[in-house]
Every structure is written in C-alpha cells, then in structure tokens.
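To start, the structure itself, in structure tokens.
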Amino acid sequence: MRTDTPQTIARLDYLPYPYRLPQVELTFDLDATLTRVSSRLHFERTTPRNQPLVLNGEDLPLESIALDGQVLRPDQYRLDDHALTLFPVTETFIVEIVSRCRPAENSTLMGLYVSGESLFTQCEAEGFRRITWFPDRPDVMSRYRVTLLADKARYPFLLSNGNRQNAEELADGRHSATWEDPHPKPCYLFALVAGHFSCHEQTIQTRSGRQALLQVYSDPGSESKTEWALASLVHAVKWDEQRFGLELDLDRFMVVAARDFNMGAMENKGLNIFNSAYVLADPQTATDVTYRAIEAVIGHEYFHNWTGNRVTCRDWFQLSLKEGLTVFRDQEFSADMLAQGLPAQEAKSARAVKRIDDVSTLRMAQFPEDSGPMAHPIRPESYQEIGNFYTATVYEKGAEVIRMQHTLLGEAGFRAGLDEYFRRHDGSAVTCDDFVNAMESVYTRQNPGKTLDTFRRWYEQAGTPHVKVELDFDARQQRCTLTLSQHNEPAGIEKFLTPPQTKLPLHIPFAVGLLDQAGRPLVIHYQGQAYDTLVLELCDERQTWVFDQIPEAPIPSLLRNFSAPVIVEYAGTNAELALLAQCDTDPFARWEAGQELANRQLLALVKAVQDGRELAVEPDFIETWRALLQDTHLTPAYQARALTLPAEKVLLEKTSPMDPIAVARARAELRRVLGLALGPLWLAAYHNADDHTGKYQPDARSAGRRALKNLALAYLMAGEHREAPTLALKQYYDAQNMTDRMGGLSALVNFSDTPAGSQALSHFYEQWQHEPLVIDRWFTLQATAPTTHIDTIRTLMQHPAFTLRNPNRARSLIFQFCMNNMQGVHTTQGYEYWADQVIALDRINPEIAARLARAFDNWTRYIPSSRQTIKHELERIQAQNPLSRNVAEIVSKALKI
C-alpha cells in the first residue's frame with residue numbers, strides 16, 4: 001500500500017516516453033504462491049543519449065537484470081520501491097528481467113491475483129507494474145509474444161491476448177501455451193488467465209469471409225448460464241460491422257468470468273476479463289435488468305476492440321477518448337437491440353426507454369459529481385491517483401459529449417468522422433483533440449465557415465451548464481421568439497483557482513418542438529424549412545431565434561431526446577407540464593415533463609415535512625398520473641418509466657440545504673397517496689401485465705410487462721391495498737423467473753415490516769445460498785429497505801455469506817446501504833459506520849475503498865447536523881496512518897470544499 005506523499009500529475013506536463021518498445025516477450029512460470037516472470041524487452045532510443053530508461057514496478061522482488069546479454073551488477077542500475085532505472089548507451093538494446101510476484105497475497109485485485117482457484121490479471125490503469133518491471137504508460141505500444149507455463153491439473157486453461165501459436169505437454173505434469181498478439185497495444189491491455197473453466201463457444205463468419213471463434217469461459221458447471229453472454233457477443237460483433245463498418249481483427253475473441261473483480265469488465269485485446277455478474281444469467285437466477293446489463297457490458301468491452309484498443313489513449317487524461325465514445329456506442333447498441341424486430345412506433349418507444357434509463361443514470365451519478373469536490377472536466381487537468389478518475393463524468397458525461405457531436409453531424413456525418421478518425425490514427429495512442437479534429441473535418445464540410453472550436457470547451461470545463469429559456473409570442477404577427485441563455489458556475493477545483501477561471505460559453509445543441517394549446521404538434525418554419533423538431537446551436541451566452549407562421553401561443557417542448565447534458569430553466573406552468581406529459585410527440589420530452597411535474601410536487605412535500613405541516617398532494621397531479629396509467633397507446637415499458645417517481649438522489653440535488661430524511665419521507669408519502677388514489681387502476685394494470693404463459697423471455701415487450709407489473713405491485717403495497725400482501729406473497733412463491741421473484745420479495749420487504757417478509761427472506765436464502773450473484777441481491781434488498789437500520793447492517797456483516805474481500809459482496813451490502821438508503825445511513829451511527837468501512841476496505845483494496853469514500857461528496861450542502869458529523873468522520877479517515885493515496889485524494893478534496 002502506498003503511504004508516500006501524493007504527487008499531483010498535470011496534463012500539460014506530458015512528455016513522450018524517450019524510447020520505443022516495438023517487441024515484448026514474456027514468460028510466466030505460474031503458481032498462486034509465487035509466480036516468476038521473465039521479460040525480454042526490445043527498445044529503440046527516440047531522444048538524445050542522456051535520457052535514462054525508467055521502468056515502473058510495485059512489490060516486485062528482482063532476481064536478475066541483463067542489458068544486451070550482460071548481467072548487470074547492482075551498481076549499474078538504480079532500484080527503489082517504484083522505479084528501476086537503467087543507463088543504456090546504444091541506440092537499440094534488449095533488456096532481460098526476471099522478477100517475482102505473489103498472486104495469492106494480492107488483495108488489491110490489480111496486477112496478477114487469485115480468484116477462486118484461478119489466476120487473473122487486471123492492468124488498467126497501472127496494474128501491469130505489479131506484474132513485471134515495465135514502462136507502464138498507455139503511449140508505449142508493443143507487440144507481445146507470451147508463453148505461459150503451469151501445472152496442468154491446477155491450470156488446464158492457459159489464456160492470453162491475441163492468437164494461440166502453440167501448446168505443449170511438459171515434464172512433471174506441466175504444460176505451456178504461447179500466444180501472440182499481432183496488433184500493437186499498451187501494457188494496460190495485457191491479460192493472462194489460468195485455471196479450470198467451462199467454455200461455451202461459437203464460430204462466426206465476419207463480413208470479409210473470415211472464420212472467427214467466439215468463446216465465453218466461466219466456472220465449471222456454469223456453461224448454461226453463459227448462453228446470453230455468448231449471444232450478446234455475437235450480436236455485438238455483427239452490429240459493429242453493420243453500424244460502423246468495424247470488423248473483428250483476430251482469429252478468436254474470448255470472454256472470461258471472474259468471481260473477484262474491481263470493475264464491471266476489462267477490454268484486454270482479444271481476452272476480455274469480466275466480473276461474473278456481467279456474464280452469468282438464466283431465468284431462475286437473473287433479472288431483466290441483469291440481462292440488459294450483460295448485453296450492454298459485453299457490447300461495451302467488445303466495442304473497445306476498436307475504440308480503445310486499435311486507437312488508444314496517449315495518456316490517462318484522455319480516458320474519455322475511449323470510455324465516453326464506447327459508452328455512446330454501447331448505448332446505441334442496446335437501443336438497437338431493444339428496438340429490433342418491433343413495429344416503427346413500438347421501436348421508437350423502446351429506444352426512448354433506453355434513453356430515459358441512460359439520462360436517469362447520468363442525473364443520479366454524474367450531476368451530483370459535477371456539483372461536488374470531485375467535479376472535473378471529461379478530460380481532467382490533473383490527478384493524484386488515476387484510479388479515482390474512472391468516474392461518471394468520464395463515462396456518462398463523456399458519452400453525452402460524443403452524442404452531441406453525433407447530433408450536430410447526423411448519423412452519416414458521424415460515421416464519416418469516425419472513419420476519418422480510424423484512417424488517421426489506427427494503431428496509435430492519441431488525444432481527445434485528435435478525435436474532435438476528425439469530427440470537425442466533416443462538420444466544416446457540412447457548415448462552411450464554422451468550426452468546433454467552441455465545442456472543444458466541453459473537454460475543458462467542469463460543471464453542468466444551465467440553459468434559461470424565454471418564450472415570447474406575438475399574436476398579431478403570429479411570431480414566436482425563443483431566447484436561450486447559458487451559464488455555468490465554477491465547480492470542484494475551479495472554485496479555488498487563482499485567478500478565478502472564467503467559464504466560457506459552450507456549443508450546445510438544443511432540440512425544441514412546439515405544441516398548441518390542445519397538445520397538437522406545431523410545425524416550426526425556420527430558414528425556409530419546416531421542422532417537427534429543430535436543433536438550435538447555442539454557442540454564445542445568449543441567442544435568439546424567431547419562428548413565423550405560429551397560429552397561437554405555443555407550449556415549448558424543450559431539450560428533446562436530451563440533446564445536451566444541461567439543466568433547463570423555464571417557468572412553465574403545471575398545466576403546461578401536465579399537457580406535455582400527456583401529449584408530447586417526443587417520448588423523452590413527454591417523460592421529462594411528467595418528471596418535472598413530480599419534482600415540483602415532491603419539493604412542496606419536502607418543504608411541508610421540514611415545516612411540520614400536513615402533507616397534501618395536488619389533485620391535478622394525481623389526475624396526470626391517472627391519465628398516463630390509462631393511456632393504452634403507451635407500451636408497458638414506457639409506462640413503467642413514466643409512472644416511476646423521480647429518484648431520491650435526483651430530488652435531493654434540488655433541495656437546499658440537502659435534507660435526505662425529508663426527501664425520503666416526501667417521496668414515500670407521494671407514492672402512498674398515488675397507490676391509494678389509483679388503487680383500482682394499479683390492480684388492473686397488475687393483472688393486465690401479468691404473463692400467464694410461464695415462459696420467460698428477456699425481450700423488450702416481455703420485460704416491459706414485468707416492469708409495469710412490479711411497479712403496480714409496489715404502488716399497491718405503498719397504498720396499503722387490501723389485496724396487495726396476498727399478491728406479493730403469491731408472486732414471490734409462484735414466480736417462474738427471478739424478475740418476478742424479486743418483484744414479490746421487494747414488495748414484501750420494502751413496504752411491510754411483517755413476519756411474512758422475514759419468512760420470505762429466509763426462504764430466499766435457503767433456496768439460493770449456493771448462487772453468489774443471487775445472494776448479492778439478497779444482501780442488497782435488505783441494505784436498501786426503508787426499515788433497515790445500522791444494527792441490521794452490522795448483523796448482516798457477521799453472516800457466514802458475507803466477506804469484505806469480494807468487491808461484489810461489499811458493494812451489495814455496504815455500498816448499497818451507504819449510498820442508497822437515505823433513511824438508514826443519514827444518522828450519526830450511519831456516518832460512523834461508513835467511515836469504519838472505508839478504513840477497513842482501505843487496508844484490503846484501496847480502489848474499492850476510494851469509491852465508498854465518495855458516498856457523501858456533497859456533504860457541505862447537507863443540513864447542519866449532517867454536515868458536522870460527516871466532517872468529523874472525514875477527518876477521522878484522513879488521520880489514518882497508513883492511508884492509501886486513492887482514499888487520501890478523495891478525502892482531502894472533500895474537506896477542501
């Protein structure tokens with residue numbers, strides 16, 4: 001664990017590595033207790049001779065080192081805890097190093113480590129330095145030849161990147177395999193897997209006619225649970241060929257499931273290593289959400305094969321170059337898969353549901369980040385630990401920045417820009433500017449005289465912009481004047497810059513439509529063309545557009561399809577929002593209007609809670625929910641989103657000061673009132689959505705019906721409908737799939753503190769105790785239940801099935817309680833528990849600890865009593881010795897605000 005003084009690394013200090021490393025040869029003598037790694041590195045000098053060769057390493061005892069075949073004495077090189085420095089004098093030379101590592105002792109899950117009985121690697125961002133001494137940076141790209149040797153009984157499968165060249169039987173029950181990757185890659189994309197697995201495979205033909213083998217490896221006996229993952233991989237390969245013309249460039253592509261993994265998955269070239277939660281699924285153990293998540297993550301990691309691997313990052317400040325772009329691609333893939341085979345209107349709704357889900361994730365995770373101490377641009381200017389910058393800003397906001405370029409260029413233009421990007425940079429490590437330059441080459445052709453100079457500021461400025469909308473209607477001239485103005489307050493470290501940073505206007509594509517007073521769409525006439533939806537390009541602080549031939553005062557439909565990651569300020573009436581929620585032709589804007597109406601009602605209830613007044617719900621709001629519930633033209637999946645109240649985290653961001661308990665109580669009360677007032681309609685919706693065939697399918701239609709059914713059940717339970725407990729019990733015990741089973745169990749646990757809920761929880765554990773991913777759900781359900789308190793969580797930590805060392809299990813209980821149980825964690829005891837777990841995890845796995853340390857990033861905006869307690873706990877964490885650099889950076893920034 002690092003305990004040295006954190007060093008701030010600045011983007012503008014980047015210098016190229018002074019050597020090329022075109023060829024790497026690695027030999028691993030594998031064993032969980034001690035692995036010996038022999039490397040042969042072929043270097044070429046690119047700078048004057050006075051530059052030393054610096055290699056990175058961590059916890060790597062050195063056995064020997066040779067330069068051009070000559071073994072070096074200790075006085076011929078310099079060695080410390082993190083660097084090995086050589087002083088070569090020739091233009092080209094070969095360095096040979098033998099070192100050791102101990103996978104079984106590596107609890108960080110970075111580098112080479114043990115999961116179950118198998119060996120895995122995780123090298124992004126800086127894990128390769130825990131495997132062998134090496135220039136561990138993304139701009140050093142090499143071709144790798146890797147030989148693996150191991151006991152065959154313990155490790156029958158020996159996997160690495162690229163194509164397997166040969167396999168041999170050795171003496172004493174050992175064997176070897178040699179792999180060669182034909183494509184240059186940085187070391188963070190290296191992977192190694194050794195162990196005993198089941199393999200599910202399929203041979204496909206690529207668009208150029210080549211045969212390629214797709215394989216999914218998992219624990220023995222779990223092969224049947226990899227069918228969906230393999231099918232998703234096949235779909236991803238075909239989709240990338242059809243949508244973007246990108247073909248698989250290897251003879252095989254492998255996915256391996258690991259029980260212990262810090263992240264969701266890793267895009268190592270040709271050998272993707274996955275958290276098993278994003279590989280294993282069958283109807284009995286996985287929910288609809290799990291199926292969709294597996295499809296998305298399989299797609300995401302495969303799409304990295306081009307956007308991240310073939311073209312990679314020059315330095316870690318450019319992380320969004322690959323992640324933002326690839327998140328956008330996986331979002332589009334998932335949307336296309338949901339819409340596949342559906343009629344046009346239903347397909348449009350399916351794509352809208354995906355867009356709603358993505359924006360909801362952005363608002364719950366990234367918007368709070370943009371207003372907190374860790375706020376940073378999608379291309380950060382500095383960091384102390386790069387592991388702390390795998391953030392919602394880099395990923396989700398980064399994807400929105402890519403999507404805005406897609407909106408500005410159109411589908412054909414974006415494809416042309418991406419083609420140009422690969423033509424210029426295939427096989428290179430590049431920057432975000434290089435990507436925008438390729439897109440700008442198309443944008444300028446489409447818009448002579450215009451550039452993306454203003455758009456580039458999205459990569460430079462933190463914070464969520466606010467766009468104020470002003471609408472003026474001249475009835476005599478039948479003219480509508482729309483004015484947009486933008487502002488973006490300093491965020492995160494920007495608040496402490498001297499002199500203060502001036503926030504410049506951004507290039508914001510702002511999609512608008514107009515409706516008449518009856519909710520019918522109006523045609524927008526602009527510059528000689530007619531539009532249903534017009535994308536305005538806001539590039540200055542304030543701009544105005546004029547639309548003629550508008551026969552009556554219009555109701556604006558704003559930021560259609562969420563065309564930019566901004567917060568809209570518009571003084572529309574509740575009546576206008578209700579009309580938009582029921583009539584808008586843009587399905588995203590329709591959902592958005594309903595959510596804004598709900599937010600207003602919820603904020604009024606929060607204020608009533610704080611003032612000690614009676615909690616009253618406006619009848620007009622209930623009628624809007626009634627209309628949505630009765631609208632037979634809406635798909636069940638869309639209704640499930642439209643009728644779900646805004647998340648507590650979204651609502652919390654809208655309160656000042658932030659009062660978590662009041663927010664939780666207000667939301668619970670509104671859900672209770674809606675459940676009670678619309679009881680017969682919820683009951684009808686429940687029965688209408690029920691699938692009596694008993695055959696599970698994860699398609700969009702079936703999943704949508706289940707989503708609406710389980711939402712209706714939750715409202716019935718919240719409204720204390722007399723039939724609800726019986727329905728929940730019957731659904732739980734009779735369920736033929738995990739989605740319905742969890743729907744019934746969630747209703748019992750979240751809405752009734754009764755023996756029936758406790759009995760169902762016990763029954764669930766007995767049934768599924770041998771399925772780790774299912775038991776993660778069991779822990780999560782209890783961690784997030786409104787009636788759960790800190791004593792319950794501490795008791796669950798003593799359960800035989802709980803372990804702090806498995807990231808999935810820690811996330812399922814500790815993270816879920818601290819981040820998603822507002823009523824439970826926001827107490828003095830809850831904050832103390834959170835700090836205790838950050839400290840405990842930091843001793844085992846600093847990356848996981850740092851993520852938990854961010855649970856209360858925005859603590860300075862809470863009510864005074866919470867602020868004081870959280871500050872005390874942050875200071876207690878900061879005082880720990882030792883404390884990892886990962887956690888130290890998070891806590892120091894939080895305390896600086």
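Every chain in the structure tokens has a letter given in the order shown (A, B, ...), and although residue numbers restart at 1 in each chain, ligands are simply numbered from 1 in the order shown.
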
request  = For Gln318 (chain A), work out the shell of residues within 10 Å, counting only C-alpha atoms and skipping chain neighbours fewer than 4 positions away, then give it as a VMD selection string.
outcome  = chain A and resid 11 312 to 314 322 to 323 378 to 381 394 429 to 433 459

request  = Compile the contact shell of Arg811 (chain A) as a VMD selection string: residues with an atom at most 12 Å away, counting only C-alpha atoms, same-chain residues fewer than 5 positions apart removed.
outcome  = chain A and resid 260 to 263 773 776 to 777 779 to 780 783 to 784 802 to 806 816 to 820 837 to 838 841 848 to 849 851 to 852

Preceding selection exported with N, CA and C atoms as a PDB file, in the first residue's frame:
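For reference, out19.pdb as written:
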ATOM      1  N   ASP A 260     -14.009 -12.438  -8.485  1.00  0.00           N
ATOM      2  CA  ASP A 260     -13.497 -11.265  -7.779  1.00  0.00           C
ATOM      3  C   ASP A 260     -12.943 -10.284  -8.798  1.00  0.00           C
ATOM      4  N   PHE A 261     -13.579  -9.092  -8.885  1.00  0.00           N
ATOM      5  CA  PHE A 261     -13.165  -8.125  -9.888  1.00  0.00           C
ATOM      6  C   PHE A 261     -13.566  -6.742  -9.407  1.00  0.00           C
ATOM      7  N   ASN A 262     -12.660  -5.789  -9.530  1.00  0.00           N
ATOM      8  CA  ASN A 262     -12.932  -4.440  -9.014  1.00  0.00           C
ATOM      9  C   ASN A 262     -13.948  -3.685  -9.844  1.00  0.00           C
ATOM     10  N   MET A 263     -14.008  -3.994 -11.139  1.00  0.00           N
ATOM     11  CA  MET A 263     -14.872  -3.238 -12.048  1.00  0.00           C
ATOM     12  C   MET A 263     -15.926  -4.147 -12.657  1.00  0.00           C
ATOM     13  N   LEU A 773     -24.184 -14.661  -6.943  1.00  0.00           N
ATOM     14  CA  LEU A 773     -24.750 -13.449  -7.533  1.00  0.00           C
ATOM     15  C   LEU A 773     -26.186 -13.221  -7.069  1.00  0.00           C
ATOM     16  N   ASP A 776     -26.018 -11.822  -3.567  1.00  0.00           N
ATOM     17  CA  ASP A 776     -25.734 -10.386  -3.608  1.00  0.00           C
ATOM     18  C   ASP A 776     -27.040  -9.600  -3.598  1.00  0.00           C
ATOM     19  N   ARG A 777     -28.032 -10.055  -4.339  1.00  0.00           N
ATOM     20  CA  ARG A 777     -29.335  -9.372  -4.368  1.00  0.00           C
ATOM     21  C   ARG A 777     -30.012  -9.454  -3.001  1.00  0.00           C
ATOM     22  N   PHE A 779     -28.571  -9.539  -0.070  1.00  0.00           N
ATOM     23  CA  PHE A 779     -27.940  -8.523   0.771  1.00  0.00           C
ATOM     24  C   PHE A 779     -28.409  -7.119   0.374  1.00  0.00           C
ATOM     25  N   THR A 780     -28.452  -6.845  -0.928  1.00  0.00           N
ATOM     26  CA  THR A 780     -28.837  -5.510  -1.400  1.00  0.00           C
ATOM     27  C   THR A 780     -30.256  -5.152  -0.983  1.00  0.00           C
ATOM     28  N   ALA A 783     -30.182  -4.193   2.539  1.00  0.00           N
ATOM     29  CA  ALA A 783     -29.402  -2.967   2.763  1.00  0.00           C
ATOM     30  C   ALA A 783     -30.186  -1.723   2.404  1.00  0.00           C
ATOM     31  N   THR A 784     -31.079  -1.813   1.440  1.00  0.00           N
ATOM     32  CA  THR A 784     -31.794  -0.630   0.944  1.00  0.00           C
ATOM     33  C   THR A 784     -33.218  -0.518   1.474  1.00  0.00           C
ATOM     34  N   PHE A 802     -21.124 -13.336   4.119  1.00  0.00           N
ATOM     35  CA  PHE A 802     -20.531 -12.027   3.852  1.00  0.00           C
ATOM     36  C   PHE A 802     -19.019 -12.073   3.965  1.00  0.00           C
ATOM     37  N   THR A 803     -18.342 -11.371   3.047  1.00  0.00           N
ATOM     38  CA  THR A 803     -16.904 -11.183   3.120  1.00  0.00           C
ATOM     39  C   THR A 803     -16.560  -9.805   2.590  1.00  0.00           C
ATOM     40  N   LEU A 804     -15.631  -9.146   3.234  1.00  0.00           N
ATOM     41  CA  LEU A 804     -15.203  -7.819   2.805  1.00  0.00           C
ATOM     42  C   LEU A 804     -14.266  -7.891   1.610  1.00  0.00           C
ATOM     43  N   ARG A 805     -13.691  -9.065   1.376  1.00  0.00           N
ATOM     44  CA  ARG A 805     -12.661  -9.189   0.350  1.00  0.00           C
ATOM     45  C   ARG A 805     -13.216  -9.333  -1.063  1.00  0.00           C
ATOM     46  N   ASN A 806     -14.484  -9.686  -1.175  1.00  0.00           N
ATOM     47  CA  ASN A 806     -15.088  -9.801  -2.502  1.00  0.00           C
ATOM     48  C   ASN A 806     -15.790  -8.494  -2.845  1.00  0.00           C
ATOM     49  N   GLN A 816     -24.488  -0.313  -0.897  1.00  0.00           N
ATOM     50  CA  GLN A 816     -25.914  -0.070  -1.094  1.00  0.00           C
ATOM     51  C   GLN A 816     -26.519   0.632   0.115  1.00  0.00           C
ATOM     52  N   PHE A 817     -26.116   0.237   1.305  1.00  0.00           N
ATOM     53  CA  PHE A 817     -26.640   0.914   2.490  1.00  0.00           C
ATOM     54  C   PHE A 817     -26.169   2.365   2.550  1.00  0.00           C
ATOM     55  N   CYS A 818     -24.882   2.585   2.343  1.00  0.00           N
ATOM     56  CA  CYS A 818     -24.325   3.935   2.483  1.00  0.00           C
ATOM     57  C   CYS A 818     -24.771   4.883   1.378  1.00  0.00           C
ATOM     58  N   MET A 819     -25.009   4.362   0.185  1.00  0.00           N
ATOM     59  CA  MET A 819     -25.301   5.228  -0.953  1.00  0.00           C
ATOM     60  C   MET A 819     -26.777   5.262  -1.331  1.00  0.00           C
ATOM     61  N   ASN A 820     -27.550   4.253  -0.902  1.00  0.00           N
ATOM     62  CA  ASN A 820     -28.923   4.165  -1.399  1.00  0.00           C
ATOM     63  C   ASN A 820     -29.971   3.928  -0.330  1.00  0.00           C
ATOM     64  N   GLN A 837     -16.000   1.476   7.511  1.00  0.00           N
ATOM     65  CA  GLN A 837     -15.847   0.563   6.374  1.00  0.00           C
ATOM     66  C   GLN A 837     -14.850   1.100   5.341  1.00  0.00           C
ATOM     67  N   VAL A 838     -14.798   2.412   5.166  1.00  0.00           N
ATOM     68  CA  VAL A 838     -13.774   2.988   4.290  1.00  0.00           C
ATOM     69  C   VAL A 838     -12.390   2.616   4.818  1.00  0.00           C
ATOM     70  N   LEU A 841     -11.750  -1.246   4.369  1.00  0.00           N
ATOM     71  CA  LEU A 841     -11.511  -1.607   2.971  1.00  0.00           C
ATOM     72  C   LEU A 841     -10.181  -1.071   2.465  1.00  0.00           C
ATOM     73  N   ILE A 848     -11.478   0.075  -4.154  1.00  0.00           N
ATOM     74  CA  ILE A 848     -12.857  -0.076  -3.692  1.00  0.00           C
ATOM     75  C   ILE A 848     -13.130   0.886  -2.540  1.00  0.00           C
ATOM     76  N   ALA A 849     -12.165   1.045  -1.654  1.00  0.00           N
ATOM     77  CA  ALA A 849     -12.330   1.967  -0.522  1.00  0.00           C
ATOM     78  C   ALA A 849     -12.547   3.395  -1.005  1.00  0.00           C
ATOM     79  N   ARG A 851     -13.924   4.428  -3.719  1.00  0.00           N
ATOM     80  CA  ARG A 851     -15.271   4.611  -4.258  1.00  0.00           C
ATOM     81  C   ARG A 851     -16.293   4.753  -3.136  1.00  0.00           C
ATOM     82  N   LEU A 852     -16.109   3.996  -2.067  1.00  0.00           N
ATOM     83  CA  LEU A 852     -17.003   4.146  -0.926  1.00  0.00           C
ATOM     84  C   LEU A 852     -16.793   5.491  -0.244  1.00  0.00           C
TER      85      LEU A 852
END

request  = Identify which of the residues A:Pro556, A:Gly127, A:Pro6, A:Pro646 lies closest to Leu109 (chain A), counting only C-alpha atoms when measuring atom-to-atom distances.
outcome  = A:Gly127

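Across A:Arg613, A:His763, A:Arg424, A:Lys896, the tightest approach to Leu729 (chain A) is made by A:His763 when counting only C-alpha atoms.
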
task = Apply DSSP to the structure's backbone, then extract all residues of region 264-321 of chain A labelled helix (DSSP H, G or I) and return them as a list in words.
result =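 Those in region 264-321 of chain A that DSSP calls helix (DSSP H, G or I) are Ser276, Ala277, Tyr278, Asp288, Val289, Thr290, Tyr291, Arg292, Ala293, Ile294, Glu295, Ala296, Val297, Ile298, Gly299, His300, Glu301, Tyr302, Phe303, Trp316, Phe317, Gln318, Leu319, Ser320 and Leu321 of chain A.
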
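The environment of Glu552 (chain A) within 8 Å, counting only C-alpha atoms and disregarding residues fewer than 5 places along the same chain, consists of Ala475, Gln478, Asp516 and Gln517 of chain A.
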
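Within 9 Å of Leu233 (chain A), once only C-alpha atoms are used and residues closer than 3 positions along the same chain are dropped, the contacting residues are A:Leu214, A:Trp228, A:Ala229, A:Leu230, A:Ala236, A:Val237, A:Lys238, A:Val255, A:Glu295, A:Ile298, A:Gly299, A:Tyr302.
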
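The spacing separating CA of Phe328 (chain A) from CA of Ala399 (chain A) amounts to 4.7 Å.
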
query = Near Leu615 (chain A), counting only C-alpha atoms, which residues have an atom at most 8 Å away, once you skip same-chain residues fewer than 5 positions from it, shown as an MDAnalysis selection string?
reply = chainID A and resid 605 608:609 669

For the residues in that selection, give me C-alpha atoms as a short mmCIF file (atom, residue, chain, number, x, y, z; two decimals), in the first residue's frame.
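again_25.cif was written with the following content:
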data_model
loop_
_atom_site.label_atom_id
_atom_site.label_comp_id
_atom_site.auth_asym_id
_atom_site.auth_seq_id
_atom_site.Cartn_x
_atom_site.Cartn_y
_atom_site.Cartn_z
CA LEU A 605 -43.91 17.90 0.22
CA ALA A 608 -44.09 20.57 4.34
CA VAL A 609 -42.07 17.87 6.12
CA GLU A 669 -45.78 9.87 1.05
#

message = Could you list, as a ChimeraX atom specification, every residue within 8 Å of Ala703 (chain A), counting only C-alpha atoms and ignoring same-chain residues fewer than 5 positions away?
response = /A:288,637,697-698

Once you have the residues from the selection above, write them out as an mmCIF file, in the first residue's frame, restricted to N, CA and C atoms.
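Wrote selection07.cif, looks like this:
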data_model
loop_
_atom_site.group_PDB
_atom_site.id
_atom_site.type_symbol
_atom_site.label_atom_id
_atom_site.label_comp_id
_atom_site.auth_asym_id
_atom_site.auth_seq_id
_atom_site.Cartn_x
_atom_site.Cartn_y
_atom_site.Cartn_z
ATOM 1 N N ASP A 288 -34.462 -9.162 -15.439
ATOM 2 C CA ASP A 288 -34.446 -8.455 -16.722
ATOM 3 C C ASP A 288 -33.332 -7.412 -16.755
ATOM 4 N N ALA A 637 -43.403 -0.869 -21.051
ATOM 5 C CA ALA A 637 -42.050 -0.448 -20.641
ATOM 6 C C ALA A 637 -41.994 1.059 -20.471
ATOM 7 N N GLN A 697 -38.952 -14.776 -21.384
ATOM 8 C CA GLN A 697 -38.196 -14.216 -22.498
ATOM 9 C C GLN A 697 -37.674 -12.849 -22.064
ATOM 10 N N PRO A 698 -36.386 -12.536 -22.360
ATOM 11 C CA PRO A 698 -35.848 -11.239 -21.941
ATOM 12 C C PRO A 698 -36.053 -10.117 -22.956
#

task = Name all residues at most 10 Å from Asn886 (chain A) (count only C-alpha atoms; drop same-chain ones fewer than 5 positions away) and give them as a list in words.
result =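 So the residues in contact are Met1, Arg2, Pro6, Gln384, Glu385, Ile386, Gly387, Asn388, Asp842, Asn845, Pro846, Glu847, Ile848, Ala849, Ala850, Arg851, Ala853 and Val891 of chain A.
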
inquiry  = Just to confirm, what's the straight-line distance from CA of Glu44 (chain A) to CA of Leu67 (chain A) in Å (one decimal)?
reply    =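 For CA of Glu44 (chain A) relative to CA of Leu67 (chain A), the distance reads 13.1 Å.
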
Proximity check region 334-427 of chain A to region 434-451 of chain A, 8 Å, nearest pairs one decimal Å, only C-alpha atoms, as a Markdown table:
| residue | atom | partner | partner_atom | distance |
| --- | --- | --- | --- | --- |
| A:Gln405 | CA | A:Met439 | CA | 7.6 |
| A:Leu408 | CA | A:Tyr443 | CA | 7.7 |
| A:Leu409 | CA | A:Tyr443 | CA | 6.1 |
| A:Gly413 | CA | A:Val442 | CA | 6.3 |
| A:Phe414 | CA | A:Met439 | CA | 7.0 |
| A:Ala416 | CA | A:Val442 | CA | 7.0 |
| A:Gly417 | CA | A:Met439 | CA | 4.5 |
| A:Leu418 | CA | A:Met439 | CA | 7.1 |
| A:Glu420 | CA | A:Ala438 | CA | 5.8 |
| A:Tyr421 | CA | A:Ala438 | CA | 5.2 |

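As for CA of Leu112 (chain A) and CA of Glu58 (chain A), they are spaced 11.8 Å apart.
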